[in-house]
>>> print(open('entry.cif').read())   # mmCIF, C-alpha atoms and all ligand atoms
data_coords
#
loop_
_atom_site.group_PDB
_atom_site.id
_atom_site.type_symbol
_atom_site.label_atom_id
_atom_site.label_comp_id
_atom_site.auth_asym_id
_atom_site.auth_seq_id
_atom_site.Cartn_x
_atom_site.Cartn_y
_atom_site.Cartn_z
ATOM 1 C CA MET A 49 23.451 59.794 12.650
ATOM 2 C CA THR A 50 26.976 58.713 13.450
ATOM 3 C CA ASP A 51 29.401 60.919 15.329
ATOM 4 C CA PRO A 52 30.300 64.125 13.537
ATOM 5 C CA VAL A 53 33.576 64.184 11.667
ATOM 6 C CA THR A 54 35.902 66.986 12.702
ATOM 7 C CA LEU A 55 37.765 68.627 9.855
ATOM 8 C CA ALA A 56 41.073 70.159 10.916
ATOM 9 C CA GLY A 57 40.254 73.637 12.161
ATOM 10 C CA GLU A 58 37.197 73.858 9.953
ATOM 11 C CA GLY A 59 34.327 72.926 12.234
ATOM 12 C CA SER A 60 32.296 69.779 12.613
ATOM 13 C CA ILE A 61 30.095 68.137 10.031
ATOM 14 C CA GLY A 62 27.993 64.997 10.090
ATOM 15 C CA GLU A 63 27.384 62.005 7.899
ATOM 16 C CA PHE A 64 25.290 62.371 4.764
ATOM 17 C CA ASP A 65 21.677 61.592 5.719
ATOM 18 C CA GLU A 66 20.203 60.380 2.417
ATOM 19 C CA LYS A 67 16.642 59.964 3.705
ATOM 20 C CA ARG A 68 16.623 63.481 5.107
ATOM 21 C CA ALA A 69 17.970 64.889 1.840
ATOM 22 C CA GLU A 70 15.234 63.044 -0.092
ATOM 23 C CA ASN A 71 12.541 64.442 2.204
ATOM 24 C CA ALA A 72 13.947 67.951 1.767
ATOM 25 C CA VAL A 73 13.866 67.666 -2.039
ATOM 26 C CA ARG A 74 10.298 66.353 -1.871
ATOM 27 C CA GLU A 75 9.370 69.367 0.295
ATOM 28 C CA LEU A 76 11.083 71.719 -2.156
ATOM 29 C CA LEU A 77 9.084 70.254 -5.058
ATOM 30 C CA ILE A 78 5.873 70.818 -3.114
ATOM 31 C CA ALA A 79 7.004 74.344 -2.170
ATOM 32 C CA VAL A 80 7.499 75.313 -5.815
ATOM 33 C CA GLY A 81 4.026 74.056 -6.702
ATOM 34 C CA GLU A 82 4.977 70.696 -8.195
ATOM 35 C CA ASP A 83 3.497 67.268 -7.522
ATOM 36 C CA PRO A 84 6.344 65.019 -6.290
ATOM 37 C CA ASP A 85 4.167 61.948 -6.891
ATOM 38 C CA ARG A 86 3.667 62.516 -10.593
ATOM 39 C CA GLU A 87 5.325 60.013 -12.898
ATOM 40 C CA GLY A 88 8.420 62.012 -13.906
ATOM 41 C CA LEU A 89 9.231 63.240 -10.402
ATOM 42 C CA ARG A 90 8.689 60.060 -8.387
ATOM 43 C CA GLU A 91 12.375 59.083 -8.349
ATOM 44 C CA THR A 92 13.684 62.653 -8.314
ATOM 45 C CA PRO A 93 14.191 63.108 -4.550
ATOM 46 C CA ALA A 94 16.334 59.948 -4.414
ATOM 47 C CA ARG A 95 18.288 61.006 -7.524
ATOM 48 C CA VAL A 96 18.922 64.495 -6.188
ATOM 49 C CA ALA A 97 20.017 63.107 -2.811
ATOM 50 C CA ARG A 98 22.527 60.837 -4.559
ATOM 51 C CA ALA A 99 23.736 63.757 -6.679
ATOM 52 C CA TYR A 100 24.339 65.915 -3.590
ATOM 53 C CA ARG A 101 26.099 63.045 -1.847
ATOM 54 C CA GLU A 102 28.527 62.973 -4.773
ATOM 55 C CA ILE A 103 28.889 66.724 -5.296
ATOM 56 C CA LEU A 104 29.513 67.260 -1.562
ATOM 57 C CA SER A 105 31.707 64.215 -0.961
ATOM 58 C CA GLY A 106 34.595 66.475 0.084
ATOM 59 C CA LEU A 107 32.775 67.103 3.375
ATOM 60 C CA ARG A 108 33.652 63.586 4.384
ATOM 61 C CA GLN A 109 37.304 63.763 3.369
ATOM 62 C CA GLU A 110 40.312 65.494 4.818
ATOM 63 C CA PRO A 111 43.231 66.829 2.758
ATOM 64 C CA GLU A 112 45.576 64.460 4.629
ATOM 65 C CA ASP A 113 43.577 61.532 3.177
ATOM 66 C CA VAL A 114 44.703 62.370 -0.357
ATOM 67 C CA LEU A 115 47.888 64.429 -0.145
ATOM 68 C CA THR A 116 50.215 61.523 0.556
ATOM 69 C CA THR A 117 53.924 62.099 0.158
ATOM 70 C CA THR A 118 56.866 60.273 -1.279
ATOM 71 C CA PHE A 119 60.498 61.087 -0.556
ATOM 72 C CA ASP A 120 62.562 59.657 -3.364
ATOM 73 C CA LEU A 121 62.808 62.282 -6.112
ATOM 74 C CA GLY A 122 65.075 64.971 -4.726
ATOM 75 C CA HIS A 123 63.424 67.626 -6.906
ATOM 76 C CA ASP A 124 63.606 70.961 -5.122
ATOM 77 C CA GLU A 125 62.139 73.369 -7.655
ATOM 78 C CA MET A 126 58.597 74.334 -8.497
ATOM 79 C CA VAL A 127 56.064 71.700 -9.562
ATOM 80 C CA LEU A 128 52.958 73.110 -11.259
ATOM 81 C CA VAL A 129 49.808 71.319 -12.461
ATOM 82 C CA LYS A 130 47.647 73.519 -14.668
ATOM 83 C CA ASP A 131 44.039 73.367 -15.832
ATOM 84 C CA ILE A 132 42.641 71.029 -13.187
ATOM 85 C CA GLU A 133 38.904 71.110 -13.856
ATOM 86 C CA ILE A 134 36.786 72.038 -10.876
ATOM 87 C CA VAL A 135 33.099 71.891 -10.144
ATOM 88 C CA SER A 136 32.049 73.286 -6.798
ATOM 89 C CA LEU A 137 28.864 74.508 -5.176
ATOM 90 C CA CYS A 138 28.483 78.140 -4.178
ATOM 91 C CA GLU A 139 27.403 78.216 -0.550
ATOM 92 C CA HIS A 140 25.144 81.227 -1.059
ATOM 93 C CA HIS A 141 22.805 79.749 -3.664
ATOM 94 C CA LEU A 142 23.798 76.056 -3.823
ATOM 95 C CA LEU A 143 24.397 76.538 -7.537
ATOM 96 C CA PRO A 144 27.542 75.218 -9.225
ATOM 97 C CA PHE A 145 30.596 77.219 -10.094
ATOM 98 C CA HIS A 146 33.033 75.600 -12.477
ATOM 99 C CA GLY A 147 36.352 76.285 -14.118
ATOM 100 C CA VAL A 148 39.981 75.391 -13.585
ATOM 101 C CA ALA A 149 42.553 75.436 -10.818
ATOM 102 C CA HIS A 150 46.313 75.816 -11.290
ATOM 103 C CA VAL A 151 48.279 74.414 -8.383
ATOM 104 C CA GLY A 152 52.027 74.804 -7.801
ATOM 105 C CA TYR A 153 54.436 74.300 -4.937
ATOM 106 C CA ILE A 154 58.138 74.351 -4.116
ATOM 107 C CA PRO A 155 58.980 71.121 -2.253
ATOM 108 C CA ALA A 156 60.391 71.120 1.266
ATOM 109 C CA ASP A 157 64.170 70.992 1.776
ATOM 110 C CA SER A 158 63.665 67.390 2.884
ATOM 111 C CA GLY A 159 62.541 66.636 -0.676
ATOM 112 C CA LYS A 160 59.027 65.729 0.469
ATOM 113 C CA ILE A 161 56.972 65.625 -2.720
ATOM 114 C CA THR A 162 53.601 64.209 -3.761
ATOM 115 C CA GLY A 163 52.204 62.466 -6.833
ATOM 116 C CA LEU A 164 50.791 64.843 -9.442
ATOM 117 C CA SER A 165 47.318 63.297 -9.263
ATOM 118 C CA LYS A 166 47.279 63.992 -5.517
ATOM 119 C CA LEU A 167 47.264 67.721 -6.268
ATOM 120 C CA ALA A 168 44.091 67.235 -8.310
ATOM 121 C CA ARG A 169 42.614 65.075 -5.528
ATOM 122 C CA LEU A 170 43.364 67.835 -3.026
ATOM 123 C CA VAL A 171 41.496 70.317 -5.223
ATOM 124 C CA ASP A 172 38.456 68.013 -5.227
ATOM 125 C CA VAL A 173 38.441 67.562 -1.444
ATOM 126 C CA TYR A 174 37.866 71.295 -1.079
ATOM 127 C CA ALA A 175 35.797 71.845 -4.241
ATOM 128 C CA ARG A 176 33.229 69.206 -3.273
ATOM 129 C CA ARG A 177 31.873 71.230 -0.397
ATOM 130 C CA PRO A 178 29.613 74.268 -0.141
ATOM 131 C CA GLN A 179 32.207 76.907 -0.962
ATOM 132 C CA VAL A 180 33.200 80.411 -1.875
ATOM 133 C CA GLN A 181 35.947 80.652 -4.443
ATOM 134 C CA GLU A 182 38.297 82.626 -2.195
ATOM 135 C CA ARG A 183 38.193 80.012 0.570
ATOM 136 C CA LEU A 184 38.609 77.153 -1.907
ATOM 137 C CA THR A 185 41.762 78.852 -3.190
ATOM 138 C CA THR A 186 43.333 79.535 0.209
ATOM 139 C CA GLN A 187 42.472 76.105 1.644
ATOM 140 C CA ILE A 188 44.345 74.383 -1.195
ATOM 141 C CA ALA A 189 47.406 76.608 -0.724
ATOM 142 C CA ASP A 190 47.402 76.233 3.069
ATOM 143 C CA SER A 191 47.170 72.426 2.789
ATOM 144 C CA LEU A 192 50.229 72.328 0.518
ATOM 145 C CA MET A 193 52.203 74.383 3.028
ATOM 146 C CA ARG A 194 51.039 72.378 6.040
ATOM 147 C CA ILE A 195 51.005 68.795 4.778
ATOM 148 C CA LEU A 196 53.912 68.876 2.314
ATOM 149 C CA GLU A 197 55.810 71.411 4.432
ATOM 150 C CA ALA A 198 56.288 73.156 1.084
ATOM 151 C CA ARG A 199 58.665 76.116 0.869
ATOM 152 C CA GLY A 200 56.115 77.898 -1.274
ATOM 153 C CA ALA A 201 52.686 77.429 -2.838
ATOM 154 C CA ILE A 202 50.612 79.143 -5.516
ATOM 155 C CA VAL A 203 46.993 78.446 -6.374
ATOM 156 C CA VAL A 204 44.999 80.264 -9.036
ATOM 157 C CA VAL A 205 41.327 79.444 -9.623
ATOM 158 C CA GLU A 206 39.337 80.743 -12.597
ATOM 159 C CA ALA A 207 35.617 80.000 -12.469
ATOM 160 C CA GLU A 208 32.186 80.929 -13.743
ATOM 161 C CA HIS A 209 29.419 81.053 -11.157
ATOM 162 C CA MET A 210 25.987 79.790 -12.196
ATOM 163 C CA CYS A 211 24.448 82.121 -9.612
ATOM 164 C CA MET A 212 25.776 84.988 -11.743
ATOM 165 C CA SER A 213 24.824 83.490 -15.102
ATOM 166 C CA VAL A 214 21.426 81.793 -14.764
ATOM 167 C CA ARG A 215 19.820 84.115 -12.194
ATOM 168 C CA GLY A 216 20.266 87.473 -10.506
ATOM 169 C CA ILE A 217 22.601 89.667 -12.538
ATOM 170 C CA ARG A 218 22.578 87.089 -15.415
ATOM 171 C CA LYS A 219 26.023 87.609 -16.879
ATOM 172 C CA PRO A 220 26.964 84.313 -18.507
ATOM 173 C CA GLY A 221 30.650 84.090 -19.345
ATOM 174 C CA ALA A 222 31.848 86.349 -16.524
ATOM 175 C CA LYS A 223 34.898 84.690 -14.957
ATOM 176 C CA THR A 224 36.284 85.225 -11.481
ATOM 177 C CA THR A 225 39.994 84.738 -10.781
ATOM 178 C CA THR A 226 41.319 84.208 -7.268
ATOM 179 C CA SER A 227 44.866 83.502 -6.141
ATOM 180 C CA ALA A 228 46.697 82.472 -2.998
ATOM 181 C CA VAL A 229 50.478 82.704 -2.785
ATOM 182 C CA ARG A 230 52.493 81.428 0.159
ATOM 183 C CA GLY A 231 56.098 81.209 1.342
ATOM 184 C CA GLN A 232 58.934 81.590 -1.172
ATOM 185 C CA LEU A 233 56.447 82.073 -4.010
ATOM 186 C CA ARG A 234 55.663 85.478 -2.537
ATOM 187 C CA ASP A 235 59.110 86.574 -3.696
ATOM 188 C CA ALA A 236 58.520 88.849 -6.707
ATOM 189 C CA THR A 237 60.762 86.968 -9.175
ATOM 190 C CA THR A 238 59.525 83.471 -8.259
ATOM 191 C CA ARG A 239 55.938 84.631 -8.266
ATOM 192 C CA ALA A 240 56.351 86.252 -11.704
ATOM 193 C CA GLU A 241 57.896 83.035 -13.066
ATOM 194 C CA ALA A 242 54.974 80.991 -11.697
ATOM 195 C CA MET A 243 52.395 83.402 -13.085
ATOM 196 C CA SER A 244 54.010 83.373 -16.537
ATOM 197 C CA LEU A 245 53.886 79.546 -16.537
ATOM 198 C CA ILE A 246 50.245 79.646 -15.466
ATOM 199 C CA LEU A 247 49.266 82.190 -18.103
ATOM 200 C CA ALA A 248 51.240 80.507 -20.935
ATOM 201 C CA ARG A 249 48.910 78.646 -23.308
HETATM 202 N N1 LIG B 1 33.059 86.630 -2.840
HETATM 203 C C1 LIG B 1 32.305 85.666 -3.367
HETATM 204 N N2 LIG B 1 31.031 85.929 -3.617
HETATM 205 C C2 LIG B 1 30.281 84.946 -4.157
HETATM 206 C C3 LIG B 1 30.766 83.679 -4.451
HETATM 207 N N3 LIG B 1 29.754 82.939 -4.974
HETATM 208 C C4 LIG B 1 28.683 83.744 -4.996
HETATM 209 N N4 LIG B 1 28.988 84.968 -4.504
HETATM 210 C C5 LIG B 1 28.196 86.171 -4.317
HETATM 211 O O1 LIG B 1 27.530 86.110 -3.090
HETATM 212 C C6 LIG B 1 26.667 87.238 -3.066
HETATM 213 C C7 LIG B 1 25.458 86.952 -2.242
HETATM 214 O O2 LIG B 1 24.790 88.178 -2.183
HETATM 215 P P1 LIG B 1 23.359 88.435 -1.541
HETATM 216 O O3 LIG B 1 23.032 89.878 -1.788
HETATM 217 O O4 LIG B 1 23.344 87.902 -0.146
HETATM 218 O O5 LIG B 1 22.433 87.458 -2.376
HETATM 219 P P2 LIG B 1 21.540 87.760 -3.676
HETATM 220 O O6 LIG B 1 20.474 88.739 -3.339
HETATM 221 O O7 LIG B 1 21.095 86.456 -4.229
HETATM 222 O O8 LIG B 1 22.619 88.464 -4.621
HETATM 223 P P3 LIG B 1 22.643 88.653 -6.219
HETATM 224 O O9 LIG B 1 23.426 87.497 -6.788
HETATM 225 O O10 LIG B 1 23.343 89.977 -6.430
HETATM 226 O O11 LIG B 1 21.215 88.653 -6.714
HETATM 227 C C8 LIG B 1 26.396 87.540 -4.537
HETATM 228 O O12 LIG B 1 26.994 88.784 -4.824
HETATM 229 C C9 LIG B 1 27.123 86.434 -5.290
HETATM 230 O O13 LIG B 1 27.634 86.829 -6.544
HETATM 231 C C10 LIG B 1 32.136 83.430 -4.175
HETATM 232 O O14 LIG B 1 32.675 82.337 -4.382
HETATM 233 N N5 LIG B 1 32.859 84.445 -3.630
HETATM 234 ZN ZN ZN B 2 26.074 81.981 -5.461
#
>>> encode(input="entry.cif", output="structure tokens")
Amino acid sequence: MTDPVTLAGEGSIGEFDEKRAENAVRELLIAVGEDPDREGLRETPARVARAYREILSGLRQEPEDVLTTTFDLGHDEMVLVKDIEIVSLCEHHLLPFHGVAHVGYIPADSGKITGLSKLARLVDVYARRPQVQERLTTQIADSLMRILEARGAIVVVEAEHMCMSVRGIRKPGAKTTTSAVRGQLRDATTRAEAMSLILAR
């Protein structure tokens, strides 16, 4: 293992150990009564390890890596990107939750803004980790405030959790909405304007 990577204020995590992940999947197959050496399962531990490497790639990224800024637009009103598809992994059951994120911010007085795609990249940095929806939502908003020095930020995430649809309570279709509102977007009028833009279809 290489040295752990420290994520700003969010604890330490290590490199992805593919061999260890493969061994764990092999053990899981044995634990559920399967034969990991039968034809169809022989390559499965390696496939699953690669899948987890991809799904959890946000553990090896920091928001600063993607939320780069540019200074030349002079736009000082709200920028909102809607319907950014998300797939994340619930940290309680390691089952996916998926849906959309709506991400808006009011740029800093200095005019510091970012490319629109960078907002979607920021969402992925935090979605591709073991998560709970509330933390995913607040981490995106807090990054906008910190890195862009935004005057305000709003993040709304709507998602369906597989741990609620394929097991346990088994309620497919149930959607959870979470929001995080920061800075000037907490002002009632600005917040209402943002929410009406988010809800408009
Ligand atoms: N707040 C929150 N809860 C979540 C999220 N993802 C999953 N959960 C919930 O986490 C809880 C874990 O509850 P536990 O009682 O420890 O686990 P469990 O016995 O598997 O719970 P059930 O799903 O009710 O069968 C469940 O209620 C899940 O619905 C999330 O993003 N946010
Ligand atoms: Zn869950």
>>> closest_residue(input="entry.cif", among="A:Glu182, A:Asp172, A:Asp124, A:Glu63", to="Arg199 in chain A", atoms="all atoms listed in the file")
A:Asp124
>>> residues_near_ligand(input="entry.cif", ligand="ligand LIG 1 (chain B)", cutoff="12 Å", atoms="only C-alpha atoms and all ligand atoms", output="number ranges by chain")
A: 135-146, 175, 177-186, 205-219, 222-226
>>> resolve_selection(input="entry.cif", expression="the PyMOL selection byres (((chain A and resi 154-165) around 8) and not hetatm)", output="list in words")
Leu115, Thr116, Thr117, Thr118, Phe119, Asp120, Leu121, Gly122, His123, Asp124, Glu125, Met126, Val127, Val129, Gly152, Tyr153, Lys166, Leu167, Ala168, Arg169, Leu196, Glu197, Ala198, Arg199, Gly200, Ala201, Gln232 and Leu233 of chain A
>>> closest_residue(input="entry.cif", among="A:His150, A:Lys130, A:Arg176, A:Arg74", to="Tyr100 in chain A", atoms="all atoms listed in the file")
A:Arg176
>>> closest_residue(input="entry.cif", among="A:Gly147, A:Pro111, A:Pro93, A:Pro84", to="Ala72 in chain A", atoms="only C-alpha atoms")
A:Pro93
>>> resolve_selection(input="entry.cif", expression="the PyMOL selection byres (((chain A and resi 68) around 12) and not hetatm)", output="ChimeraX atom specification")
/A:49,63-67,69-75,93-94,96-98,100-101
>>> decode(input="entry.cif", residues="range 108-124 of chain A", atoms="N, CA and C atoms", output="compact mmCIF listing (two decimals), in the first residue's frame")
# COMPACT_ATOMS: atom_id res chain seq x y z
N ARG A 108 -10.36 8.75 -4.40
CA ARG A 108 -8.99 9.13 -4.74
C ARG A 108 -8.94 10.46 -5.48
N GLN A 109 -9.99 11.26 -5.30
CA GLN A 109 -10.02 12.60 -5.89
C GLN A 109 -10.42 13.61 -4.83
N GLU A 110 -9.97 14.83 -5.01
CA GLU A 110 -10.41 15.90 -4.12
C GLU A 110 -11.19 16.91 -4.95
N PRO A 111 -12.13 17.62 -4.32
CA PRO A 111 -12.95 18.58 -5.09
C PRO A 111 -12.08 19.62 -5.80
N GLU A 112 -10.96 20.00 -5.17
CA GLU A 112 -10.07 21.00 -5.78
C GLU A 112 -9.50 20.50 -7.10
N ASP A 113 -9.42 19.17 -7.28
CA ASP A 113 -8.88 18.61 -8.53
C ASP A 113 -9.77 18.95 -9.72
N VAL A 114 -11.07 19.09 -9.48
CA VAL A 114 -11.99 19.27 -10.60
C VAL A 114 -12.63 20.66 -10.67
N LEU A 115 -12.76 21.30 -9.52
CA LEU A 115 -13.49 22.58 -9.51
C LEU A 115 -12.51 23.73 -9.80
N THR A 116 -11.98 23.73 -11.01
CA THR A 116 -11.04 24.78 -11.39
C THR A 116 -11.82 26.03 -11.77
N THR A 117 -11.19 27.17 -11.61
CA THR A 117 -11.92 28.42 -11.83
C THR A 117 -11.34 29.22 -13.00
N THR A 118 -12.20 30.07 -13.53
CA THR A 118 -11.76 30.99 -14.56
C THR A 118 -12.30 32.36 -14.15
N PHE A 119 -11.70 33.43 -14.60
CA PHE A 119 -12.03 34.74 -14.04
C PHE A 119 -12.61 35.72 -15.04
N ASP A 120 -12.88 35.26 -16.28
CA ASP A 120 -13.06 36.27 -17.32
C ASP A 120 -14.50 36.55 -17.75
N LEU A 121 -15.50 36.10 -16.98
CA LEU A 121 -16.87 36.30 -17.47
C LEU A 121 -17.63 37.47 -16.85
N GLY A 122 -17.29 37.80 -15.64
CA GLY A 122 -17.95 38.92 -14.98
C GLY A 122 -19.43 38.71 -14.72
N HIS A 123 -19.87 37.45 -14.69
CA HIS A 123 -21.28 37.16 -14.42
C HIS A 123 -21.44 37.06 -12.90
N ASP A 124 -22.37 37.86 -12.34
CA ASP A 124 -22.44 37.83 -10.87
C ASP A 124 -23.81 37.37 -10.37
